[in-house]
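**Q** So here's model16.txt, just compact mmCIF, C-alpha atoms:
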```
# COMPACT_ATOMS: atom_id res chain seq x y z
CA MET J 1 -3.92 -12.23 -24.99
CA SER J 2 -3.39 -14.74 -27.80
CA GLN J 3 -5.37 -12.50 -30.15
CA LEU J 4 -3.58 -9.30 -29.14
CA GLY J 5 -0.11 -10.58 -30.06
CA GLU J 6 3.30 -10.46 -28.47
CA GLU J 7 3.42 -6.75 -27.68
CA ALA J 8 0.38 -6.86 -25.41
CA ARG J 9 0.98 -6.92 -21.68
CA LEU J 10 -0.97 -7.93 -18.61
CA LEU J 11 -1.47 -5.15 -16.08
CA ALA J 12 -1.56 -6.05 -12.38
CA GLY J 13 -0.74 -3.33 -9.80
CA GLY J 14 1.11 -1.32 -12.41
CA GLN J 15 3.68 0.03 -9.97
CA SER J 16 6.59 -1.05 -12.18
CA LEU J 17 4.96 -1.13 -15.59
CA ILE J 18 3.29 2.30 -15.51
CA PRO J 19 6.51 4.15 -14.53
CA LEU J 20 8.35 2.23 -17.27
CA MET J 21 5.68 3.25 -19.78
CA LYS J 22 6.00 6.89 -18.73
CA MET J 23 9.72 6.73 -19.45
CA ARG J 24 8.93 5.03 -22.78
CA LEU J 25 11.03 2.07 -21.68
CA ALA J 26 7.94 -0.09 -22.14
CA ARG J 27 5.58 0.48 -25.04
CA PRO J 28 2.95 -2.25 -24.96
CA SER J 29 0.49 -2.34 -27.85
CA ASP J 30 -2.36 -3.23 -25.50
CA LEU J 31 -2.83 -3.61 -21.77
CA VAL J 32 -5.14 -6.19 -20.26
CA ASP J 33 -6.12 -5.27 -16.70
CA ILE J 34 -6.33 -8.43 -14.59
CA ASN J 35 -7.26 -6.63 -11.37
CA PHE J 36 -10.90 -7.52 -11.86
CA LEU J 37 -10.28 -11.28 -12.07
CA PRO J 38 -11.73 -12.93 -8.97
CA GLY J 39 -9.88 -15.36 -6.72
CA LEU J 40 -6.35 -14.24 -7.56
CA ALA J 41 -5.54 -12.26 -4.41
CA GLY J 42 -5.69 -14.90 -1.67
CA ILE J 43 -3.02 -15.73 0.90
CA GLN J 44 -3.42 -19.22 2.34
CA GLU J 45 -1.56 -21.93 4.17
CA ARG J 46 -2.12 -25.43 2.74
CA SER J 47 -0.23 -28.61 3.61
CA GLY J 48 3.06 -27.04 4.60
CA GLU J 49 3.00 -24.41 1.90
CA LEU J 50 2.03 -20.76 1.65
CA HIS J 51 -0.01 -19.93 -1.43
CA PHE J 52 -0.05 -16.36 -2.68
CA GLY J 53 -2.45 -15.38 -5.44
CA ALA J 54 -0.67 -13.30 -8.07
CA LEU J 55 -2.74 -10.24 -7.14
CA ALA J 56 -1.93 -10.34 -3.42
CA ARG J 57 -0.81 -6.78 -2.71
CA HIS J 58 2.41 -6.16 -0.79
CA SER J 59 0.39 -4.47 1.97
CA ASP J 60 -1.92 -7.51 2.24
CA ILE J 61 1.13 -9.72 2.68
CA GLU J 62 2.59 -7.24 5.19
CA ALA J 63 -0.60 -7.47 7.29
CA SER J 64 -1.13 -11.23 6.85
CA GLU J 65 -0.66 -13.46 9.88
CA VAL J 66 -0.40 -16.41 7.54
CA ALA J 67 2.47 -14.81 5.63
CA ALA J 68 4.17 -13.93 8.91
CA ARG J 69 4.81 -17.68 9.33
CA ILE J 70 7.91 -16.98 7.22
CA PRO J 71 9.52 -13.85 8.70
CA ILE J 72 11.72 -13.11 5.68
CA ILE J 73 8.53 -12.68 3.64
CA HIS J 74 7.24 -10.11 6.10
CA ASP J 75 10.59 -8.28 6.03
CA CYS J 76 10.19 -7.88 2.30
CA ALA J 77 6.49 -7.03 2.10
CA ALA J 78 6.72 -4.41 4.86
CA GLY J 79 9.58 -2.51 3.27
CA ILE J 80 8.91 -2.39 -0.47
CA ALA J 81 8.81 1.25 -1.60
CA ASP J 82 6.20 3.12 0.48
CA VAL J 83 2.67 2.63 1.78
CA GLN J 84 0.99 3.82 -1.41
CA VAL J 85 3.01 1.53 -3.67
CA ARG J 86 2.54 -1.42 -1.29
CA ASN J 87 -1.22 -0.83 -1.35
CA GLN J 88 -1.27 -1.25 -5.13
CA GLY J 89 1.71 -3.37 -6.19
CA THR J 90 1.35 -7.17 -6.33
CA ILE J 91 3.67 -10.11 -5.71
CA GLY J 92 2.83 -11.65 -9.07
CA GLY J 93 3.36 -8.42 -10.96
CA SER J 94 6.71 -7.88 -9.29
CA LEU J 95 7.93 -11.36 -10.26
CA ALA J 96 6.57 -11.19 -13.81
CA GLU J 97 8.18 -7.78 -14.35
CA ALA J 98 11.55 -9.28 -13.31
CA ASP J 99 13.08 -5.89 -12.65
CA PRO J 100 16.70 -6.43 -11.53
CA SER J 101 15.98 -4.15 -8.57
CA GLY J 102 12.75 -5.86 -7.54
CA ASP J 103 12.64 -7.17 -3.97
CA TRP J 104 10.66 -10.38 -4.19
CA ALA J 105 13.01 -12.36 -6.44
CA ALA J 106 15.88 -12.41 -3.93
CA VAL J 107 13.60 -13.29 -1.01
CA LEU J 108 11.67 -16.04 -2.74
CA LEU J 109 14.80 -17.59 -4.25
CA ALA J 110 16.15 -17.93 -0.71
CA LEU J 111 13.12 -20.17 -0.03
CA ASP J 112 11.74 -23.15 -1.95
CA THR J 113 9.37 -21.34 -4.26
CA SER J 114 7.47 -22.35 -7.36
CA VAL J 115 5.10 -20.43 -9.59
CA ARG J 116 1.93 -21.74 -11.17
CA CYS J 117 1.30 -20.28 -14.62
CA HIS J 118 -1.78 -20.41 -16.78
CA GLY J 119 -1.65 -20.15 -20.57
CA PRO J 120 -3.38 -21.26 -23.76
CA LYS J 121 -1.87 -24.73 -23.29
CA GLY J 122 -3.16 -25.03 -19.74
CA GLU J 123 -1.41 -24.92 -16.41
CA ARG J 124 2.23 -25.52 -15.58
CA SER J 125 4.41 -25.18 -12.51
CA LEU J 126 7.95 -23.89 -12.55
CA ALA J 127 10.62 -23.63 -9.90
CA LEU J 128 11.27 -19.93 -9.38
CA GLY J 129 14.92 -20.47 -10.30
CA ASP J 130 13.80 -21.55 -13.79
CA PHE J 131 11.34 -18.68 -14.10
CA PHE J 132 13.82 -15.80 -14.31
CA LYS J 133 15.79 -15.72 -17.57
CA ASP J 134 17.34 -12.26 -17.62
CA ALA J 135 16.59 -8.67 -16.63
CA TYR J 136 12.90 -8.01 -17.39
CA THR J 137 12.70 -11.48 -18.96
CA THR J 138 10.93 -14.55 -17.61
CA ALA J 139 9.88 -17.97 -18.88
CA LEU J 140 6.31 -16.70 -19.33
CA GLY J 141 4.92 -16.98 -22.84
CA PRO J 142 3.24 -13.92 -24.36
CA ALA J 143 -0.24 -15.17 -23.48
CA GLU J 144 0.67 -16.75 -20.17
CA LEU J 145 -0.36 -15.52 -16.73
CA LEU J 146 1.53 -16.04 -13.47
CA ARG J 147 -1.33 -17.24 -11.33
CA GLU J 148 0.05 -18.29 -7.98
CA VAL J 149 3.27 -18.23 -5.96
CA ILE J 150 3.83 -21.27 -3.74
CA VAL J 151 6.40 -21.25 -0.95
CA GLN J 152 7.40 -24.25 1.18
CA ILE J 153 7.28 -23.44 4.88
CA PRO J 154 10.88 -23.97 6.10
CA PRO J 155 11.60 -26.76 8.62
CA LYS J 156 11.88 -26.13 12.37
CA LYS J 157 14.93 -24.25 13.61
CA SER J 158 14.97 -22.19 10.44
CA GLY J 159 15.23 -18.45 10.22
CA GLY J 160 15.71 -15.91 7.51
CA ALA J 161 16.14 -12.19 7.04
CA TYR J 162 15.91 -9.75 4.17
CA LEU J 163 17.80 -6.48 4.34
CA ALA J 164 17.63 -3.90 1.58
CA PHE J 165 19.46 -0.62 1.78
CA LYS J 166 18.02 2.41 0.03
CA ARG J 167 18.49 6.17 0.02
CA CYS J 168 14.83 6.79 0.92
CA ALA J 169 11.60 4.80 0.97
CA PRO J 170 10.17 5.21 -2.57
CA VAL J 171 13.33 4.32 -4.52
CA TYR J 172 14.75 0.95 -5.47
CA ALA J 173 17.38 -0.44 -3.12
CA SER J 174 21.08 0.09 -3.82
CA ALA J 175 21.67 -3.51 -2.81
CA SER J 176 19.87 -6.20 -0.85
CA ALA J 177 20.55 -9.54 0.76
CA ALA J 178 18.24 -12.43 1.56
CA VAL J 179 19.57 -15.08 3.94
CA GLN J 180 17.71 -18.23 4.99
CA LEU J 181 19.32 -20.64 7.47
CA THR J 182 18.42 -23.96 9.05
CA LEU J 183 20.23 -25.00 12.20
CA GLY J 184 21.07 -28.58 13.14
CA ASP J 185 22.54 -30.21 16.22
CA LYS J 186 24.68 -28.08 18.52
CA ASP J 187 23.71 -24.90 16.72
CA THR J 188 25.58 -25.85 13.56
CA CYS J 189 24.35 -24.49 10.28
CA ALA J 190 22.68 -27.40 8.50
CA ASP J 191 21.62 -25.41 5.47
CA ALA J 192 22.03 -21.88 4.16
CA ARG J 193 20.78 -19.91 1.23
CA ILE J 194 22.09 -16.47 0.36
CA VAL J 195 20.65 -14.42 -2.50
CA LEU J 196 21.71 -10.93 -3.55
CA GLY J 197 19.36 -8.36 -5.09
CA CYS J 198 19.95 -5.23 -7.22
CA VAL J 199 23.54 -6.20 -7.99
CA GLY J 200 23.11 -8.11 -11.25
CA LEU J 201 20.74 -8.61 -14.15
CA THR J 202 18.79 -11.05 -12.00
CA ALA J 203 18.96 -11.90 -8.30
CA ILE J 204 22.22 -13.79 -7.65
CA ARG J 205 22.51 -16.93 -5.54
CA ALA J 206 25.84 -16.66 -3.70
CA ARG J 207 26.64 -20.40 -3.52
CA LEU J 208 30.19 -20.05 -2.25
CA ALA J 209 28.91 -17.86 0.55
CA GLU J 210 26.35 -20.54 1.44
CA ALA J 211 29.07 -23.21 1.43
CA ALA J 212 31.15 -21.08 3.79
CA LEU J 213 28.37 -21.35 6.40
CA ARG J 214 27.23 -24.97 6.05
CA GLY J 215 28.51 -27.24 8.77
CA THR J 216 29.97 -24.35 10.78
CA GLN J 217 28.74 -22.95 14.07
CA LEU J 218 28.29 -19.58 12.45
CA THR J 219 31.41 -18.21 14.03
CA ALA J 220 32.50 -14.67 13.31
CA LYS J 221 35.13 -16.10 11.00
CA ALA J 222 32.63 -18.20 9.03
CA ILE J 223 30.32 -15.22 8.67
CA GLU J 224 33.21 -13.05 7.52
CA THR J 225 34.19 -15.63 4.89
CA ALA J 226 30.58 -15.84 3.68
CA ALA J 227 30.29 -12.06 3.43
CA GLU J 228 33.52 -11.92 1.45
CA ALA J 229 32.26 -14.64 -0.91
CA ALA J 230 28.98 -12.75 -1.37
CA ARG J 231 30.89 -9.61 -2.19
CA ALA J 232 32.80 -11.51 -4.87
CA ALA J 233 29.58 -13.00 -6.27
CA ALA J 234 27.91 -9.61 -6.76
CA GLU J 235 27.95 -8.16 -10.27
CA PRO J 236 26.93 -4.56 -9.64
CA GLN J 237 27.09 -1.69 -12.08
CA SER J 238 27.96 1.87 -11.17
CA ASP J 239 24.93 4.11 -11.43
CA MET J 240 23.15 6.90 -9.58
CA ARG J 241 22.64 4.57 -6.62
CA GLY J 242 26.37 4.15 -6.10
CA SER J 243 29.60 2.89 -7.62
CA ALA J 244 30.14 -0.81 -8.23
CA GLU J 245 32.75 -0.89 -5.47
CA TYR J 246 30.40 0.81 -3.01
CA LYS J 247 27.67 -1.73 -3.77
CA ARG J 248 30.06 -4.65 -3.28
CA ARG J 249 30.97 -3.35 0.14
CA LEU J 250 27.32 -2.81 0.91
CA VAL J 251 26.52 -6.39 -0.08
CA ALA J 252 29.14 -7.73 2.34
CA VAL J 253 27.71 -5.66 5.20
CA LEU J 254 24.10 -6.59 4.45
CA VAL J 255 24.92 -10.30 4.19
CA LYS J 256 26.77 -10.20 7.49
CA ARG J 257 23.89 -8.48 9.26
CA ALA J 258 21.26 -10.69 7.64
CA ILE J 259 23.10 -13.85 8.72
CA GLY J 260 23.09 -12.54 12.29
CA ILE J 261 19.36 -11.84 12.27
CA ALA J 262 18.54 -15.11 10.48
CA ALA J 263 20.51 -17.09 13.07
CA ARG J 264 18.78 -15.36 15.98
CA ARG J 265 15.40 -16.04 14.43
CA ALA J 266 16.36 -19.66 13.80
CA ARG J 267 17.03 -19.92 17.55
CA GLY J 268 13.53 -18.64 18.22
CA GLU J 269 14.19 -14.96 18.91
CA GLN J 270 11.80 -12.30 17.66
CA VAL J 271 13.83 -9.78 15.67
CA GLU J 272 12.51 -6.94 13.59
CA ALA J 273 14.12 -6.34 10.22
CA SER J 274 13.20 -4.70 6.97
CA HIS J 275 14.45 -2.19 4.42
CA GLU J 276 16.82 0.44 5.77
CA TYR J 277 16.78 4.08 4.76
CA VAL J 278 17.38 7.49 6.29
CA GLY J 279 14.57 8.86 8.48
CA ARG J 280 12.84 5.54 8.92
CA MET X 1 -0.88 4.46 -33.03
CA SER X 2 -4.41 5.53 -33.86
CA ALA X 3 -6.43 7.58 -31.41
CA ALA X 4 -7.66 5.13 -28.84
CA GLU X 5 -11.35 4.56 -28.45
CA LYS X 6 -12.68 6.13 -25.27
CA VAL X 7 -13.74 3.86 -22.46
CA PRO X 8 -16.22 4.55 -19.68
CA VAL X 9 -15.09 5.08 -16.09
CA ARG X 10 -17.68 4.97 -13.31
CA VAL X 11 -16.47 5.84 -9.85
CA LYS X 12 -17.72 7.41 -6.65
CA VAL X 13 -15.63 10.43 -5.77
CA ASN X 14 -16.09 11.95 -2.30
CA GLY X 15 -19.41 10.14 -2.10
CA LYS X 16 -20.71 11.40 -5.43
CA PRO X 17 -21.18 9.06 -8.41
CA CYS X 18 -19.15 10.26 -11.42
CA GLU X 19 -19.02 8.94 -14.95
CA ALA X 20 -16.88 9.93 -17.91
CA ALA X 21 -15.50 8.47 -21.11
CA VAL X 22 -11.71 8.72 -21.18
CA GLU X 23 -8.82 7.49 -23.28
CA PRO X 24 -7.55 4.27 -21.70
CA ARG X 25 -4.14 5.86 -21.09
CA THR X 26 -5.62 8.59 -18.86
CA LEU X 27 -4.02 8.54 -15.43
CA LEU X 28 -6.29 8.68 -12.40
CA VAL X 29 -4.78 12.01 -11.32
CA ASP X 30 -5.53 13.57 -14.73
CA PHE X 31 -9.04 12.16 -14.62
CA LEU X 32 -9.62 13.80 -11.23
CA ARG X 33 -8.05 17.12 -12.19
CA GLU X 34 -9.09 17.50 -15.84
CA GLU X 35 -12.40 15.65 -16.06
CA LEU X 36 -13.78 16.32 -12.59
CA ASN X 37 -11.99 19.65 -11.92
CA LEU X 38 -10.83 18.36 -8.54
CA THR X 39 -7.49 20.16 -8.63
CA GLY X 40 -6.71 19.68 -4.93
CA THR X 41 -4.85 16.50 -5.86
CA HIS X 42 -1.47 17.66 -7.12
CA VAL X 43 0.99 16.29 -9.64
CA GLY X 44 4.43 16.62 -8.13
CA CYS X 45 7.02 14.36 -9.72
CA ASP X 46 4.86 12.18 -11.98
CA THR X 47 7.34 9.34 -11.30
CA THR X 48 5.77 7.47 -8.33
CA TYR X 49 8.15 9.20 -5.95
CA CYS X 50 6.74 12.26 -4.19
CA GLY X 51 3.22 11.31 -3.13
CA ALA X 52 1.63 14.73 -3.82
CA CYS X 53 -1.01 12.89 -5.89
CA THR X 54 -2.00 10.50 -3.06
CA VAL X 55 -5.74 9.73 -2.86
CA LEU X 56 -7.77 7.02 -1.16
CA LEU X 57 -9.03 4.28 -3.43
CA ASN X 58 -11.42 1.95 -1.61
CA GLY X 59 -10.00 3.16 1.70
CA ARG X 60 -6.32 2.67 0.83
CA THR X 61 -3.82 5.28 -0.29
CA VAL X 62 -2.51 5.07 -3.85
CA LYS X 63 -0.39 7.37 -5.98
CA SER X 64 -2.93 8.54 -8.53
CA CYS X 65 -0.20 9.35 -11.06
CA THR X 66 0.63 5.64 -11.17
CA LEU X 67 -2.80 4.23 -11.86
CA PHE X 68 -4.89 4.41 -14.99
CA ALA X 69 -8.32 5.86 -14.35
CA VAL X 70 -9.91 2.71 -15.77
CA MET X 71 -8.19 0.67 -13.04
CA ALA X 72 -10.30 2.55 -10.48
CA ASP X 73 -13.56 1.71 -12.29
CA GLN X 74 -16.38 0.86 -9.84
CA GLY X 75 -14.20 2.09 -6.99
CA GLU X 76 -14.68 4.67 -4.27
CA ILE X 77 -12.22 7.54 -4.24
CA THR X 78 -11.61 10.16 -1.58
CA THR X 79 -9.60 13.25 -2.50
CA VAL X 80 -8.58 16.16 -0.28
CA GLU X 81 -11.79 17.92 -1.34
CA GLY X 82 -13.72 15.18 0.47
CA LEU X 83 -12.19 15.83 3.89
CA ALA X 84 -13.88 19.03 5.09
CA LYS X 85 -17.58 18.65 5.96
CA ASN X 86 -20.04 21.57 5.76
CA GLY X 87 -17.25 24.12 5.77
CA ALA X 88 -15.56 22.65 8.85
CA LEU X 89 -12.03 21.36 8.41
CA HIS X 90 -11.36 17.66 8.97
CA PRO X 91 -9.42 17.10 12.24
CA VAL X 92 -6.34 16.14 10.23
CA GLN X 93 -6.55 19.41 8.27
CA ARG X 94 -7.01 21.36 11.47
CA ALA X 95 -4.00 19.70 13.07
CA PHE X 96 -1.83 20.56 10.06
CA ALA X 97 -3.01 24.18 10.14
CA GLU X 98 -2.54 24.60 13.88
CA ASN X 99 0.90 22.96 13.98
CA HIS X 100 2.40 24.65 10.91
CA GLY X 101 2.55 21.29 9.16
CA LEU X 102 3.05 23.03 5.84
CA GLN X 103 4.78 25.95 4.22
CA CYS X 104 4.18 26.13 0.46
CA GLY X 105 1.40 23.53 0.75
CA TYR X 106 2.10 21.68 -2.48
CA CYS X 107 2.66 18.30 -0.82
CA THR X 108 -0.08 18.85 1.77
CA PRO X 109 -3.04 17.15 0.03
CA GLY X 110 -1.00 13.95 -0.26
CA LEU X 111 0.20 14.14 3.34
CA LEU X 112 -3.35 14.71 4.56
CA MET X 113 -4.56 11.62 2.72
CA SER X 114 -1.67 9.50 4.02
CA THR X 115 -2.47 10.69 7.55
CA VAL X 116 -6.17 9.90 7.18
CA HIS X 117 -5.21 6.41 5.97
CA LEU X 118 -2.76 5.93 8.87
CA LEU X 119 -5.32 6.96 11.50
CA SER X 120 -7.96 4.70 9.95
CA LYS X 121 -5.64 1.74 10.57
CA HIS X 122 -3.86 2.94 13.72
CA PRO X 123 -5.87 5.54 15.67
CA ARG X 124 -3.00 5.91 18.16
CA PRO X 125 0.09 5.46 16.03
CA ALA X 126 3.56 5.02 17.50
CA GLU X 127 6.26 7.39 16.30
CA LYS X 128 7.71 4.68 14.10
CA GLN X 129 4.33 4.02 12.49
CA ILE X 130 3.93 7.72 11.72
CA ARG X 131 7.33 7.86 10.04
CA ARG X 132 6.63 4.75 7.99
CA ALA X 133 3.22 6.08 7.02
CA ILE X 134 4.60 9.23 5.39
CA ALA X 135 7.77 7.72 3.92
CA GLY X 136 6.10 7.99 0.51
CA ASN X 137 5.32 11.70 0.83
CA THR X 138 8.07 14.18 0.05
CA CYS X 139 8.06 17.68 1.54
CA ARG X 140 10.74 20.12 0.45
CA CYS X 141 9.84 22.96 2.84
CA THR X 142 9.21 21.88 6.38
CA GLY X 143 11.95 19.44 7.28
CA TYR X 144 9.08 17.19 8.44
CA GLN X 145 9.27 18.10 12.15
CA ASN X 146 6.03 20.07 12.15
CA ILE X 147 4.38 17.47 9.97
CA LEU X 148 5.18 14.81 12.57
CA LYS X 149 3.85 17.16 15.24
CA ALA X 150 0.68 17.73 13.23
CA ILE X 151 0.09 14.02 12.81
CA ARG X 152 0.49 13.40 16.54
CA ALA X 153 -1.99 16.21 17.18
CA ALA X 154 -4.36 14.83 14.51
CA ALA X 155 -4.39 11.48 16.30
CA GLU X 156 -5.42 13.24 19.52
CA LEU X 157 -8.06 15.37 17.79
CA SER X 158 -9.53 12.35 16.01
CA GLU X 159 -9.72 10.44 19.28
CA LYS X 160 -11.65 13.22 20.98
CA ARG X 161 -14.13 13.57 18.17
```
Produce structure tokens that represent the structure in this file.
**A**
Amino acid sequence: MSQLGEEARLLAGGQSLIPLMKMRLARPSDLVDINFLPGLAGIQERSGELHFGALARHSDIEASEVAARIPIIHDCAAGIADVQVRNQGTIGGSLAEADPSGDWAAVLLALDTSVRCHGPKGERSLALGDFFKDAYTTALGPAELLREVIVQIPPKKSGGAYLAFKRCAPVYASASAAVQLTLGDKDTCADARIVLGCVGLTAIRARLAEAALRGTQLTAKAIETAAEAARAAAEPQSDMRGSAEYKRRLVAVLVKRAIGIAARRARGEQVEASHEYVGR
Amino acid sequence: MSAAEKVPVRVKVNGKPCEAAVEPRTLLVDFLREELNLTGTHVGCDTTYCGACTVLLNGRTVKSCTLFAVMADQGEITTVEGLAKNGALHPVQRAFAENHGLQCGYCTPGLLMSTVHLLSKHPRPAEKQIRRAIAGNTCRCTGYQNILKAIRAAAELSEKR
């Protein structure tokens, strides 16, 4: 990669990059296919962390019992696009592409996630929050490879949910919400993280919405306040997936629902959740 | 950009070893259709949406319009041409024919491959699993009802076999 220069790109699953190339929105000088590199597709649990090799496919994560330890991760993996895309697309490729409509960023930012990168200067680890710089832009150098995604397993009495709303399976979501909660004594909310997807240049952490939940008993009023704060934190643009106002309303609804599911899961209930679309 | 040097692709397609030198930018679907003359795999949207180009790569469905042929190197591919054996339709094909699971037929090769993949993982799929399994295959004729019927019938036929 160092020899090929700054316009060369690494190719993982190709499910974002190849469509972008077809639209001439990406014009790499060279592609280096990393699919043949061994040892980059594993999914393992090690000392309280889940380790995902960059080439772990969405469908591998969907089927993984290890990954199911964190339900919000399963929500995401099981609903990205459609079966064919999940069979080919990778977690590392999705993060490195940093598409504003990608699913993984919102989910993994709702958890404690770091990425291990490998470049000409050796290895380095970055918190995921420091990895995303802008739409389609990350902290990766031109010859640097995202090698592994490391997620802390949340403490007991935690639960999360990821809801993405889309017109049909293969398209990007109109808006999405990732909520991760930890409950304390007497069912109070000890910690909350709320991240919005598809409604900004990068995934947006809705900190005021999180603050509206912390210390409360997740009453209807607290949830309403959080949803309203999330709506205000969204920065959507009007496009073919809906007007900015529509997406703001959607965000509020998704956050509200996701908080409900996250809370039930935190209390130990089994709840199914994933992307929502017509005909599912 | 200068004409790219051709690169070799070696794959097994429907059990038969195939080798060709292609431009690196060649999509898998074009490789199958243009190099190997396997035109059963269709190009519908060419934008990773419709699923008409769905084939099995190493046992898993992929959209062959969204994969470079070189990415499939050393892999095993099954296309719709690989389903029928000795002139007898595959149970999934039979179920689609008998249940009117198609009208114009353009999307059918992709739907057949998605169904084969589904039944390989879930021989007795629940309704929800069937719907999820074909969410990446667009049909503009049938309204899907007969496709769902065909897939349920295919599951029964495959079980009996």
**Q** Would you list the residues near (24.5, -25.8, 9.7) (no more than 6 Å away, in the coordinates of the file, using only C-alpha atoms) as a list of chain:residue names?
**A**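 Nearby residues: J:Leu183, J:Gly184, J:Thr188, J:Cys189, J:Ala190, J:Asp191, J:Arg214, J:Gly215, J:Thr216.
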**Q** List the neighbours of Arg140 in chain X out to 10 Å using all atoms listed in the file; skip same-chain residues closer than 6 positions along the sequence, and give me the result as a PyMOL selection string.
**A** chain X and resi 50+102-107
**Q** Counting all atoms listed in the file, a student should be able to say which residues of chain X come within 7 Å of chain J; what is the right answer, written as JSON, numbers by chain?
**A** {"X": [47, 49, 60, 61, 62, 63, 66, 67, 131, 132, 133, 135, 136]}
**Q** With a distance cut-off of 9 Å and all atoms listed in the file, select the neighbouring residues of Ala72 in chain X, excluding the residue or stretch itself and same-chain residues fewer than 5 positions from it, and output the selection as a PyMOL selection string.
**A** chain X and resi 9-11+28+57-58+67+77
**Q** Just how far from CA of Asp99 in chain J is CA of Tyr246 in chain J, in Å to one decimal?
**A**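 Separation between CA of Tyr246 in chain J and CA of Asp99 in chain J: 20.9 Å.
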**Q** Just the number, please: distance in Å from CA of Val70 in chain X to CA of Pro142 in chain J, one decimal.
**A**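 Taking CA of Val70 in chain X as the start and CA of Pro142 in chain J as the end point, the length is 22.9 Å.
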**Q** What's the 7 Å shell around range 233-237 of chain J, counting all atoms listed in the file, without same-chain residues fewer than 3 positions away, as JSON, numbers by chain?
**A** {"J": [199, 200, 206, 229, 230, 243, 244, 247, 248]}
**Q** Using only C-alpha atoms, determine which residues lie at most 9 Å from range 87-95 of chain X, disregarding the query and same-chain residues fewer than 5 positions distant; provide the list as a PyMOL selection string.
**A** chain X and resi 100-101+112-113+115-116+149-155+157-158+161
**Q** Take the residues that were just selected and, keeping C-alpha atoms, output them as a short mmCIF file (atom, residue, chain, number, x, y, z; two decimals), keeping the file's coordinate frame.
**A**
```cif
data_model
loop_
_atom_site.label_atom_id
_atom_site.label_comp_id
_atom_site.auth_asym_id
_atom_site.auth_seq_id
_atom_site.Cartn_x
_atom_site.Cartn_y
_atom_site.Cartn_z
CA HIS X 100 2.40 24.65 10.91
CA GLY X 101 2.55 21.29 9.16
CA LEU X 112 -3.35 14.71 4.56
CA MET X 113 -4.56 11.62 2.72
CA THR X 115 -2.47 10.69 7.55
CA VAL X 116 -6.17 9.90 7.18
CA LYS X 149 3.85 17.16 15.24
CA ALA X 150 0.68 17.73 13.23
CA ILE X 151 0.09 14.02 12.81
CA ARG X 152 0.49 13.40 16.54
CA ALA X 153 -1.99 16.21 17.18
CA ALA X 154 -4.36 14.83 14.51
CA ALA X 155 -4.39 11.48 16.30
CA LEU X 157 -8.06 15.37 17.79
CA SER X 158 -9.53 12.35 16.01
CA ARG X 161 -14.13 13.57 18.17
#
```
**Q** Give as a short mmCIF file (atom, residue, chain, number, x, y, z; two decimals) with C-alpha atoms, in the coordinates of the input the set of residues within 10 Å of the point (-14.8, 1.3, -21.5), where distances use the file's coordinates and all atoms listed in the file.
**A**
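Once everything was written out, this is result-v5.cif:
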```
data_model
loop_
_atom_site.label_atom_id
_atom_site.label_comp_id
_atom_site.auth_asym_id
_atom_site.auth_seq_id
_atom_site.Cartn_x
_atom_site.Cartn_y
_atom_site.Cartn_z
CA GLU X 5 -11.35 4.56 -28.45
CA LYS X 6 -12.68 6.13 -25.27
CA VAL X 7 -13.74 3.86 -22.46
CA PRO X 8 -16.22 4.55 -19.68
CA VAL X 9 -15.09 5.08 -16.09
CA ARG X 10 -17.68 4.97 -13.31
CA ALA X 20 -16.88 9.93 -17.91
CA ALA X 21 -15.50 8.47 -21.11
CA VAL X 22 -11.71 8.72 -21.18
CA GLU X 23 -8.82 7.49 -23.28
CA PRO X 24 -7.55 4.27 -21.70
CA VAL X 70 -9.91 2.71 -15.77
CA ASP X 73 -13.56 1.71 -12.29
#
```
**Q** Could you work out an axis-aligned bounding box for all listed atoms of range 180-188 of chain J, with 5 Å added on each of the six sides, and give its centre and edge lengths in Å to one decimal, as lines of an AutoDock Vina configuration file?
**A**
```
center_x = 21.6
center_y = -24.2
center_z = 11.8
size_x = 17.9
size_y = 22.0
size_z = 23.5
```
**Q** From the list X:Cys18, X:Thr41, X:Leu56, X:Asn99, which residue is nearest Tyr144 in chain X when using all atoms listed in the file?
**A**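 Nearest candidate to Tyr144 in chain X out of X:Cys18, X:Thr41, X:Leu56, X:Asn99: X:Asn99.
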**Q** I'd like the neighbourhood of range 115-129 of chain J as a ChimeraX atom specification, where a residue qualifies if any of its atoms comes within 8 Å (using all atoms listed in the file), though same-chain residues fewer than 6 positions away should be ignored.
**A** /J:2,108-109,140-141,143-150
**Q** Measuring between all atoms listed in the file, which one of J:Glu97, J:Asp112, J:Asp239, J:Asp103 shows the shortest distance to Ile153 in chain J?
**A**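 Closest candidate: J:Asp112.
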**Q** Figure out the distance between CA of Lys157 in chain J and CA of Glu276 in chain J, please, to one decimal in Å.
**A**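 CA of Lys157 in chain J lies 26.0 Å from CA of Glu276 in chain J.
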**Q** Calculated over all atoms listed in the file, which of the candidates X:Gly44, X:Gly143, X:Gly15, X:Pro123 has the smallest distance to Thr79 in chain X?
**A**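 Under the stated criterion, the closest residue is X:Gly15.
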